[in-house]
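The block underneath contains the structure these notes are about, expressed in structure tokens.
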Protein chains: 2
Amino acid sequence: MREVPVSLGERSYPIQVGSGLLAGNEALARLAAGRMVAIVTDSNVAALHARTVADTLRPHAAALHEVVLPAGESNKTWETLNRIFDALLEARFDRDALLVAVGGGVVGDMAGFAAAVYQRGIEFVQVPTTLLAQVDSSVGGKTGINHPLGKNMIGAFHQPRLVLIDVDTLATLPDRELSAGLAEVIKHGAIADAGYFDAVAAALPALRAKDPAALAAAVARSCEIKASVVERDEREGGVRAILNFGHTFGHAIEAGLGYGEWLHGEAVGAGMVMAADLSRRLGLVDAAIAARLREAVAAAGLPVRGPGWPASRYVELMSVDKKARQGTPRFVLLDGLGAARVQRVDDAPLAETLAACSG
Amino acid sequence: MREVPVSLGERSYPIQVGSGLLAGNEALARLAAGRMVAIVTDSNVAALHARTVADTLRPHAAALHEVVLPAGESNKTWETLNRIFDALLEARFDRDALLVAVGGGVVGDMAGFAAAVYQRGIEFVQVPTTLLAQVDSSVGGKTGINHPLGKNMIGAFHQPRLVLIDVDTLATLPDRELSAGLAEVIKHGAIADAGYFDAVAAALPALRAKDPAALAAAVARSCEIKASVVERDEREGGVRAILNFGHTFGHAIEAGLGYGEWLHGEAVGAGMVMAADLSRRLGLVDAAIAARLREAVAAAGLPVRGPGWPASRYVELMSVDKKARQGTPRFVLLDGLGAARVQRVDDAPLAETLAACSG
């Protein structure tokens, strides 16, 4: 088991990464001791990993409840969130209660947001069971729900007390979702560590074959990179924005197709290819680096082109993205391999990238 | 104009208290300069004070929108909150946008919560126009909405950047609402400053007659007391709980009658009489102090008795209150006049108080 610390002052917490981590986990048992605890999970995960977590919690918690949400991004709504509030209030959960999110990014984002605002904030634990959630959404404290006019538009920064990542949970993950998670793994290398990018590119066959050692190594290093960025900018006032590499394009794709049509990681995969292409047009990276990124995205089993919309449709969709300032989207660009920068971009190179990388 | 500082590190802000403060307010104009701004108000206040605030903002804001919510506690719901999100997203408000809440506690709580969670947090300003909001809800950063199973169960701590209190807005306030606000003014004296309690008790006729000097003095001193408590305990982990004097009983009354039947301050008025009676039974204050509190509540035009429910009904209603821990309600009690403590209470004296102070 490896432990990655996230250092955020009084909001610091550890991320444990390993195999067979959930059964009898001592950190989780200690945190739950004597408290009212609710496991929040979804209909896909309830019978699998949530049961293991429940067995770990049961001897220690003062009371143990389970809230099973309908699975899927299309349920990341206020109505579904409200099921958590209903359950907590019916069971008379107080401010000392603990939520434990067991599932993918949707469950983690919703349970985290429920914890952020239930009685103005209670503690929670993340037990991510998809690769995407393990390397991205479970680390850093971003929580929230979607609004019909935009993804994650309603939310809060609320740090978990503990993150437990058991790569064994990936054994049951569909291949398509595994690939989607690899988009964020590739991203971490691209924006922060060229050596890691090369290692990931070389390990893609092993990662796609769910080799436990390869997965644990990648998840741990990705969490380290994400944690170090979050530590420097907890509330996304500056450098944290580089974690959105590929996401301005990706969110436009997701919003334009309707949430759930493409997986988030698939949209980010194509979005990273677009962002690298744009970086090349602006002279920030050479063509070889843009090509290596595109090849890694393809080798991860992800799309390398966006939907065939006119550029104006992409621009329209991007202008409502919450990283936009005063309606002008800013882009995370590669600044060489292993580094990133955020800047506004002229219409002309953007239109060229959209024409070259979509359809 | 008096300025009360609220010192919370990087979340510090000033409270301005005075007469004729809203027209051309410089602090508000500076804060709004060049930003997208939305005034959030309700159908009672839109044509009155919100117009003055809009006139102040218009020359400075990059864009100015107005969101008019239906008035009343019964509208403090997710559905009404969502109207704010809809308006902000339709107008493409980004993270640099500013909300300005103009209205009573319901508007302030909802606009503040909208600011807390819109795109994971934007800045906001409180312009409270009821006495209750001026001395209580606009100061301290508590925001939120109600849930069918409990008041303010969904919310966040989110500090405003500026609070503007113009006592002239009280000229249009119905007498019943003025009295409700006086409950909190009396509370501040009772829990923190015996001299202020006496001054308020003596000034009640002038306050009820809306004497501007008396109002400004009371509002400013109440804000000082509340600010000093909040500074010591921003997120209600300890001493801040004393601000809930009268509220455990009061919330039970509000929940049992259905929100909006009694005004919050009316329920707190009766609740404070109950809490003082309980303090007396526990030997923490003598009968004279409990009587002085009851007389002040009566002189403010507030009820001194709760609804005639059996004690078991009160206990049931109190056990879901969010200040309850593990289902056991804790009570804020007077510890002499001008001081307070929080503790659990045995069933017997509680039942005696409920029998003596209700029906």
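We label chains A, B, ... in the order they appear in the structure tokens, count residues from 1 in each chain, and number ligands from 1 in the order shown.
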
>> Can you pull out the residues contacting region 183-198 of chain B? Cut-off 6 Å, using only C-alpha atoms, and skip same-chain residues under 4 positions away; I want them as JSON, numbers by chain.
In response: {"B": [265, 269, 337, 338, 339, 340]}

For the selection you just gave me, I'd like the residues written to a file as a PDB file, in the first residue's frame, keeping C-alpha atoms.
ATOM      1  CA  GLY B 265     -38.312  36.072  15.705  1.00  0.00           C
ATOM      2  CA  GLY B 269     -39.060  35.221  21.517  1.00  0.00           C
ATOM      3  CA  LEU B 337     -27.535  37.861  32.573  1.00  0.00           C
ATOM      4  CA  GLY B 338     -25.090  38.686  29.768  1.00  0.00           C
ATOM      5  CA  ALA B 339     -23.515  35.224  29.580  1.00  0.00           C
ATOM      6  CA  ALA B 340     -24.493  31.865  28.117  1.00  0.00           C
TER       7      ALA B 340
END

>> Taking only C-alpha atoms into account, find every residue of chain B that has an atom no more than 9 Å from chain A, and write it out as a ChimeraX atom specification.
In response: /B:35-36,78,85-86,89-90,92-97,114,116-121,142-144,147-150,152-157,235,319-327

>> According to DSSP computed on the backbone, where in region 74-106 of chain A is there alpha helix (DSSP H)? Give the residues as a PyMOL selection string.
In response: chain A and resi 78-90+105-106

> Which parts of region 55-154 of chain B does DSSP call strand (DSSP E or B) when run on the backbone here, written out as number ranges by chain?
Replying inline: B: 63-69, 98-103, 118, 123-128, 142-147, 150-154

Write the residues you've just listed into a file as a PDB file, in the first residue's frame, and include N, CA and C atoms for each of them.
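Result file follows (selection_28.pdb):
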ATOM      1  N   ALA B  63     -22.284  44.645 -16.258  1.00  0.00           N
ATOM      2  CA  ALA B  63     -23.637  44.237 -16.630  1.00  0.00           C
ATOM      3  C   ALA B  63     -24.430  44.141 -15.339  1.00  0.00           C
ATOM      4  N   LEU B  64     -25.711  44.488 -15.407  1.00  0.00           N
ATOM      5  CA  LEU B  64     -26.527  44.468 -14.199  1.00  0.00           C
ATOM      6  C   LEU B  64     -27.825  43.716 -14.473  1.00  0.00           C
ATOM      7  N   HIS B  65     -28.036  42.641 -13.733  1.00  0.00           N
ATOM      8  CA  HIS B  65     -29.266  41.862 -13.859  1.00  0.00           C
ATOM      9  C   HIS B  65     -30.013  41.889 -12.526  1.00  0.00           C
ATOM     10  N   GLU B  66     -31.293  41.581 -12.583  1.00  0.00           N
ATOM     11  CA  GLU B  66     -32.083  41.526 -11.354  1.00  0.00           C
ATOM     12  C   GLU B  66     -32.876  40.223 -11.337  1.00  0.00           C
ATOM     13  N   VAL B  67     -32.808  39.512 -10.219  1.00  0.00           N
ATOM     14  CA  VAL B  67     -33.567  38.278 -10.041  1.00  0.00           C
ATOM     15  C   VAL B  67     -34.568  38.532  -8.920  1.00  0.00           C
ATOM     16  N   VAL B  68     -35.853  38.488  -9.241  1.00  0.00           N
ATOM     17  CA  VAL B  68     -36.895  38.757  -8.248  1.00  0.00           C
ATOM     18  C   VAL B  68     -37.523  37.433  -7.818  1.00  0.00           C
ATOM     19  N   LEU B  69     -37.313  37.077  -6.558  1.00  0.00           N
ATOM     20  CA  LEU B  69     -37.842  35.820  -6.026  1.00  0.00           C
ATOM     21  C   LEU B  69     -39.213  36.062  -5.398  1.00  0.00           C
ATOM     22  N   LEU B  98     -20.638  39.034  -9.261  1.00  0.00           N
ATOM     23  CA  LEU B  98     -20.986  39.467  -7.906  1.00  0.00           C
ATOM     24  C   LEU B  98     -22.500  39.413  -7.734  1.00  0.00           C
ATOM     25  N   LEU B  99     -22.946  38.808  -6.631  1.00  0.00           N
ATOM     26  CA  LEU B  99     -24.372  38.856  -6.289  1.00  0.00           C
ATOM     27  C   LEU B  99     -24.575  39.903  -5.198  1.00  0.00           C
ATOM     28  N   VAL B 100     -25.702  40.611  -5.265  1.00  0.00           N
ATOM     29  CA  VAL B 100     -26.060  41.579  -4.227  1.00  0.00           C
ATOM     30  C   VAL B 100     -27.455  41.224  -3.734  1.00  0.00           C
ATOM     31  N   ALA B 101     -27.535  40.774  -2.489  1.00  0.00           N
ATOM     32  CA  ALA B 101     -28.816  40.375  -1.917  1.00  0.00           C
ATOM     33  C   ALA B 101     -29.478  41.589  -1.280  1.00  0.00           C
ATOM     34  N   VAL B 102     -30.676  41.950  -1.748  1.00  0.00           N
ATOM     35  CA  VAL B 102     -31.414  43.087  -1.189  1.00  0.00           C
ATOM     36  C   VAL B 102     -32.744  42.554  -0.673  1.00  0.00           C
ATOM     37  N   GLY B 103     -32.870  42.445   0.650  1.00  0.00           N
ATOM     38  CA  GLY B 103     -34.119  41.944   1.200  1.00  0.00           C
ATOM     39  C   GLY B 103     -33.945  41.442   2.613  1.00  0.00           C
ATOM     40  N   TYR B 118     -22.671  28.553  -6.671  1.00  0.00           N
ATOM     41  CA  TYR B 118     -22.645  28.815  -8.107  1.00  0.00           C
ATOM     42  C   TYR B 118     -21.203  28.714  -8.595  1.00  0.00           C
ATOM     43  N   GLU B 123     -18.495  35.838  -5.163  1.00  0.00           N
ATOM     44  CA  GLU B 123     -18.618  36.815  -4.083  1.00  0.00           C
ATOM     45  C   GLU B 123     -20.039  37.377  -4.004  1.00  0.00           C
ATOM     46  N   PHE B 124     -20.394  37.846  -2.786  1.00  0.00           N
ATOM     47  CA  PHE B 124     -21.702  38.473  -2.662  1.00  0.00           C
ATOM     48  C   PHE B 124     -21.702  39.549  -1.586  1.00  0.00           C
ATOM     49  N   VAL B 125     -22.740  40.397  -1.664  1.00  0.00           N
ATOM     50  CA  VAL B 125     -22.931  41.523  -0.751  1.00  0.00           C
ATOM     51  C   VAL B 125     -24.311  41.384  -0.121  1.00  0.00           C
ATOM     52  N   GLN B 126     -24.392  41.681   1.161  1.00  0.00           N
ATOM     53  CA  GLN B 126     -25.694  41.656   1.841  1.00  0.00           C
ATOM     54  C   GLN B 126     -26.210  43.082   2.042  1.00  0.00           C
ATOM     55  N   VAL B 127     -27.435  43.332   1.592  1.00  0.00           N
ATOM     56  CA  VAL B 127     -28.132  44.587   1.889  1.00  0.00           C
ATOM     57  C   VAL B 127     -29.435  44.205   2.584  1.00  0.00           C
ATOM     58  N   PRO B 128     -29.374  43.949   3.896  1.00  0.00           N
ATOM     59  CA  PRO B 128     -30.564  43.479   4.611  1.00  0.00           C
ATOM     60  C   PRO B 128     -31.553  44.608   4.838  1.00  0.00           C
ATOM     61  N   LYS B 142     -23.690  32.510   7.473  1.00  0.00           N
ATOM     62  CA  LYS B 142     -24.570  31.347   7.340  1.00  0.00           C
ATOM     63  C   LYS B 142     -25.523  31.575   6.181  1.00  0.00           C
ATOM     64  N   THR B 143     -25.584  30.610   5.288  1.00  0.00           N
ATOM     65  CA  THR B 143     -26.502  30.685   4.160  1.00  0.00           C
ATOM     66  C   THR B 143     -27.207  29.344   4.033  1.00  0.00           C
ATOM     67  N   GLY B 144     -28.334  29.320   3.322  1.00  0.00           N
ATOM     68  CA  GLY B 144     -28.971  28.020   3.141  1.00  0.00           C
ATOM     69  C   GLY B 144     -30.432  28.103   2.763  1.00  0.00           C
ATOM     70  N   ILE B 145     -30.990  26.922   2.590  1.00  0.00           N
ATOM     71  CA  ILE B 145     -32.405  26.777   2.262  1.00  0.00           C
ATOM     72  C   ILE B 145     -33.023  25.740   3.207  1.00  0.00           C
ATOM     73  N   ASN B 146     -34.334  25.690   3.192  1.00  0.00           N
ATOM     74  CA  ASN B 146     -35.049  24.717   4.016  1.00  0.00           C
ATOM     75  C   ASN B 146     -35.247  23.397   3.269  1.00  0.00           C
ATOM     76  N   HIS B 147     -35.481  22.366   4.031  1.00  0.00           N
ATOM     77  CA  HIS B 147     -35.865  21.046   3.504  1.00  0.00           C
ATOM     78  C   HIS B 147     -37.197  20.715   4.174  1.00  0.00           C
ATOM     79  N   GLY B 150     -36.703  19.946   7.699  1.00  0.00           N
ATOM     80  CA  GLY B 150     -35.998  20.804   8.650  1.00  0.00           C
ATOM     81  C   GLY B 150     -35.546  22.109   8.034  1.00  0.00           C
ATOM     82  N   LYS B 151     -35.470  23.109   8.904  1.00  0.00           N
ATOM     83  CA  LYS B 151     -35.129  24.465   8.479  1.00  0.00           C
ATOM     84  C   LYS B 151     -33.617  24.589   8.292  1.00  0.00           C
ATOM     85  N   ASN B 152     -33.204  25.251   7.235  1.00  0.00           N
ATOM     86  CA  ASN B 152     -31.783  25.529   6.980  1.00  0.00           C
ATOM     87  C   ASN B 152     -30.936  24.264   6.978  1.00  0.00           C
ATOM     88  N   MET B 153     -31.519  23.166   6.569  1.00  0.00           N
ATOM     89  CA  MET B 153     -30.782  21.895   6.614  1.00  0.00           C
ATOM     90  C   MET B 153     -29.757  21.792   5.492  1.00  0.00           C
ATOM     91  N   ILE B 154     -29.955  22.566   4.419  1.00  0.00           N
ATOM     92  CA  ILE B 154     -29.021  22.541   3.289  1.00  0.00           C
ATOM     93  C   ILE B 154     -28.402  23.930   3.190  1.00  0.00           C
TER      94      ILE B 154
END

Val268 (chain A): which residues within 12 Å, counting only C-alpha atoms, same-chain residues fewer than 3 positions away excluded, as a compact mmCIF listing (two decimals) with N, CA and C atoms, in the first residue's frame?
# COMPACT_ATOMS: atom_id res chain seq x y z
N LEU A 132 -11.18 6.79 -13.62
CA LEU A 132 -11.34 8.24 -13.72
C LEU A 132 -11.47 8.87 -12.34
N SER A 179 -10.54 3.04 -20.36
CA SER A 179 -9.92 3.94 -21.33
C SER A 179 -10.19 5.40 -20.98
N ALA A 180 -11.43 5.67 -20.59
CA ALA A 180 -11.79 7.05 -20.25
C ALA A 180 -10.93 7.56 -19.09
N GLY A 181 -10.65 6.70 -18.13
CA GLY A 181 -9.78 7.09 -17.02
C GLY A 181 -8.36 7.35 -17.47
N LEU A 182 -7.92 6.59 -18.46
CA LEU A 182 -6.55 6.78 -18.94
C LEU A 182 -6.34 8.18 -19.55
N ALA A 183 -7.40 8.80 -20.01
CA ALA A 183 -7.27 10.17 -20.52
C ALA A 183 -6.66 11.09 -19.46
N GLU A 184 -7.12 10.97 -18.23
CA GLU A 184 -6.59 11.84 -17.17
C GLU A 184 -5.16 11.45 -16.80
N VAL A 185 -4.85 10.16 -16.88
CA VAL A 185 -3.49 9.70 -16.60
C VAL A 185 -2.51 10.29 -17.63
N ILE A 186 -2.91 10.21 -18.89
CA ILE A 186 -2.10 10.82 -19.95
C ILE A 186 -1.96 12.32 -19.71
N LYS A 187 -3.05 12.94 -19.31
CA LYS A 187 -3.04 14.38 -19.05
C LYS A 187 -2.00 14.75 -17.99
N LEU A 243 -5.01 21.67 -14.72
CA LEU A 243 -5.66 20.36 -14.68
C LEU A 243 -6.82 20.28 -15.67
N ASN A 244 -7.23 21.43 -16.19
CA ASN A 244 -8.30 21.44 -17.17
C ASN A 244 -7.79 21.28 -18.60
N PHE A 245 -6.53 20.87 -18.76
CA PHE A 245 -6.01 20.60 -20.10
C PHE A 245 -6.95 19.63 -20.83
N GLY A 246 -7.39 20.04 -22.00
CA GLY A 246 -8.31 19.21 -22.77
C GLY A 246 -9.77 19.37 -22.37
N HIS A 247 -10.01 20.08 -21.25
CA HIS A 247 -11.37 20.09 -20.70
C HIS A 247 -12.26 21.18 -21.30
N THR A 248 -11.68 22.29 -21.76
CA THR A 248 -12.53 23.31 -22.36
C THR A 248 -13.18 22.75 -23.62
N PHE A 249 -12.37 22.10 -24.46
CA PHE A 249 -12.93 21.40 -25.62
C PHE A 249 -13.82 20.24 -25.17
N GLY A 250 -13.34 19.49 -24.19
CA GLY A 250 -14.07 18.30 -23.75
C GLY A 250 -15.44 18.63 -23.20
N HIS A 251 -15.50 19.68 -22.38
CA HIS A 251 -16.82 20.05 -21.85
C HIS A 251 -17.76 20.49 -22.96
N ALA A 252 -17.23 21.16 -23.97
CA ALA A 252 -18.08 21.57 -25.09
C ALA A 252 -18.64 20.34 -25.79
N ILE A 253 -17.81 19.33 -25.97
CA ILE A 253 -18.27 18.09 -26.62
C ILE A 253 -19.36 17.43 -25.77
N GLU A 254 -19.09 17.32 -24.48
CA GLU A 254 -20.09 16.69 -23.60
C GLU A 254 -21.41 17.45 -23.61
N TRP A 262 -20.94 10.74 -24.79
CA TRP A 262 -19.54 10.35 -24.65
C TRP A 262 -19.21 10.33 -23.17
N LEU A 263 -18.34 9.45 -22.77
CA LEU A 263 -17.82 9.51 -21.40
C LEU A 263 -16.95 10.75 -21.26
N HIS A 264 -16.87 11.26 -20.04
CA HIS A 264 -16.05 12.45 -19.78
C HIS A 264 -14.62 12.25 -20.30
N GLY A 265 -14.03 11.11 -20.00
CA GLY A 265 -12.66 10.86 -20.43
C GLY A 265 -12.51 10.78 -21.94
N GLY A 271 -10.38 16.27 -26.58
CA GLY A 271 -10.07 17.65 -26.20
C GLY A 271 -8.58 17.89 -26.04
N MET A 272 -7.86 16.89 -25.50
CA MET A 272 -6.41 17.04 -25.36
C MET A 272 -5.72 17.07 -26.72
N VAL A 273 -6.22 16.26 -27.65
CA VAL A 273 -5.65 16.29 -29.00
C VAL A 273 -5.85 17.68 -29.61
N MET A 274 -7.05 18.22 -29.40
CA MET A 274 -7.32 19.59 -29.89
C MET A 274 -6.40 20.61 -29.23
N ALA A 275 -6.26 20.50 -27.91
CA ALA A 275 -5.44 21.48 -27.18
C ALA A 275 -3.98 21.38 -27.60
N ALA A 276 -3.50 20.15 -27.87
CA ALA A 276 -2.11 19.98 -28.31
C ALA A 276 -1.94 20.56 -29.72
N ARG A 294 -1.38 12.65 -29.53
CA ARG A 294 -2.50 12.06 -30.28
C ARG A 294 -2.36 10.53 -30.29
N VAL A 297 -3.37 9.05 -26.93
CA VAL A 297 -4.83 9.06 -26.78
C VAL A 297 -5.45 7.91 -27.59
N LEU A 302 -9.15 5.89 -27.05
CA LEU A 302 -10.02 7.06 -26.95
C LEU A 302 -10.13 7.76 -28.30
N PRO A 303 -11.23 8.51 -28.50
CA PRO A 303 -11.37 9.25 -29.76
C PRO A 303 -10.33 10.38 -29.85
N VAL A 304 -9.84 10.62 -31.07
CA VAL A 304 -8.86 11.69 -31.27
C VAL A 304 -9.47 12.85 -32.06
N ARG A 305 -10.77 12.76 -32.36
CA ARG A 305 -11.46 13.84 -33.08
C ARG A 305 -12.77 14.16 -32.37
N GLY A 306 -13.14 15.42 -32.39
CA GLY A 306 -14.42 15.82 -31.84
C GLY A 306 -15.53 15.64 -32.86

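Pairwise distance (CA of Gly283 (chain B), CA of Ala300 (chain B)) equals 26.2 Å.
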
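Proximity ranking of B:Arg51, B:Arg281, B:Arg2, B:His60 relative to Glu26 (chain B) places B:His60 first, based on only C-alpha atoms.
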
>> Can you pull out the residues contacting Gly24 (chain A)? Cut-off 10 Å, using only C-alpha atoms, and skip same-chain residues under 3 positions away; I want them as a list in words.
In response: Gly20, Leu21, Ala27, Leu28, Ala29, Thr52, Val53, Ala54, Asp55, Thr56, Leu57 and Pro59 of chain A

Emit the selected residues as a PDB file, in the first residue's frame, including C-alpha atoms.
ATOM      1  CA  GLY A  20      -7.152  -5.456  -1.309  1.00  0.00           C
ATOM      2  CA  LEU A  21      -7.325  -2.179   0.593  1.00  0.00           C
ATOM      3  CA  ALA A  27      -7.989   4.236   8.710  1.00  0.00           C
ATOM      4  CA  LEU A  28     -11.632   3.997   7.693  1.00  0.00           C
ATOM      5  CA  ALA A  29     -12.581   2.091  10.828  1.00  0.00           C
ATOM      6  CA  THR A  52     -17.021  -4.721   1.376  1.00  0.00           C
ATOM      7  CA  VAL A  53     -16.941  -1.158   2.699  1.00  0.00           C
ATOM      8  CA  ALA A  54     -20.087  -1.792   4.739  1.00  0.00           C
ATOM      9  CA  ASP A  55     -18.497  -4.874   6.308  1.00  0.00           C
ATOM     10  CA  THR A  56     -15.489  -2.771   7.282  1.00  0.00           C
ATOM     11  CA  LEU A  57     -17.658  -0.046   8.794  1.00  0.00           C
ATOM     12  CA  PRO A  59     -18.352  -3.105  13.695  1.00  0.00           C
TER      13      PRO A  59
END

Might you pull out every residue within 10 Å of Thr172 (chain B), with only C-alpha atoms counted and same-chain residues fewer than 2 positions away left off, and present them as an mmCIF file with C-alpha atoms, in the first residue's frame?
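result_24.cif, freshly written:
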data_model
loop_
_atom_site.group_PDB
_atom_site.id
_atom_site.type_symbol
_atom_site.label_atom_id
_atom_site.label_comp_id
_atom_site.auth_asym_id
_atom_site.auth_seq_id
_atom_site.Cartn_x
_atom_site.Cartn_y
_atom_site.Cartn_z
ATOM 1 C CA VAL B 45 -38.548 44.764 -1.941
ATOM 2 C CA LEU B 48 -38.372 49.820 -3.072
ATOM 3 C CA THR B 129 -33.856 45.380 4.719
ATOM 4 C CA THR B 130 -35.532 43.821 7.762
ATOM 5 C CA ASP B 168 -34.162 53.848 6.619
ATOM 6 C CA THR B 169 -35.302 50.583 5.023
ATOM 7 C CA LEU B 170 -37.093 49.779 8.283
ATOM 8 C CA PRO B 174 -44.500 45.978 9.162
ATOM 9 C CA ASP B 175 -44.636 46.313 12.963
ATOM 10 C CA LEU B 178 -39.920 44.805 13.512
#

> Taking into account only C-alpha atoms, which residue in the set B:Asp286, B:Thr80, B:Gly18, B:Gly258 is nearest to Ala218 (chain B)?
Replying inline: B:Gly18

> Which neighbours of Arg344 (chain B) fall inside 7 Å, counting only C-alpha atoms, when residues of the same chain fewer than 3 positions from it are skipped, and could you give them as a PyMOL selection string?
Replying inline: chain B and resi 329-331

Next, the residues of the selection above should be written as a PDB file, in the first residue's frame with N, CA and C atoms.
ATOM      1  N   PRO B 329     -30.885  16.844  21.925  1.00  0.00           N
ATOM      2  CA  PRO B 329     -30.718  18.281  21.769  1.00  0.00           C
ATOM      3  C   PRO B 329     -29.917  18.884  22.928  1.00  0.00           C
ATOM      4  N   ARG B 330     -29.069  19.840  22.590  1.00  0.00           N
ATOM      5  CA  ARG B 330     -28.346  20.585  23.613  1.00  0.00           C
ATOM      6  C   ARG B 330     -28.965  21.967  23.670  1.00  0.00           C
ATOM      7  N   PHE B 331     -28.941  22.566  24.835  1.00  0.00           N
ATOM      8  CA  PHE B 331     -29.628  23.830  25.021  1.00  0.00           C
ATOM      9  C   PHE B 331     -28.640  24.944  25.346  1.00  0.00           C
TER      10      PHE B 331
END

> Residues at most 10 Å from Asn44 (chain B), counting only C-alpha atoms, excluding those fewer than 2 positions away in the same chain, as number ranges by chain?
Replying inline: B: 41-42, 46-50, 68-72, 103-104

> For Ala298 (chain B), which residue out of B:Leu204, B:Val285, B:Ala111, B:Val229 is the nearest one, using only C-alpha atoms?
Replying inline: B:Leu204

> Taking into account only C-alpha atoms, which residue in the set B:Leu333, B:Val4, B:Leu317, B:Ala23 is nearest to Ser228 (chain B)?
Replying inline: B:Val4

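Nearest residue to Leu173 (chain A) among A:Ala214, A:Val230, A:Val139, A:Leu131 is A:Leu131, counting only C-alpha atoms.
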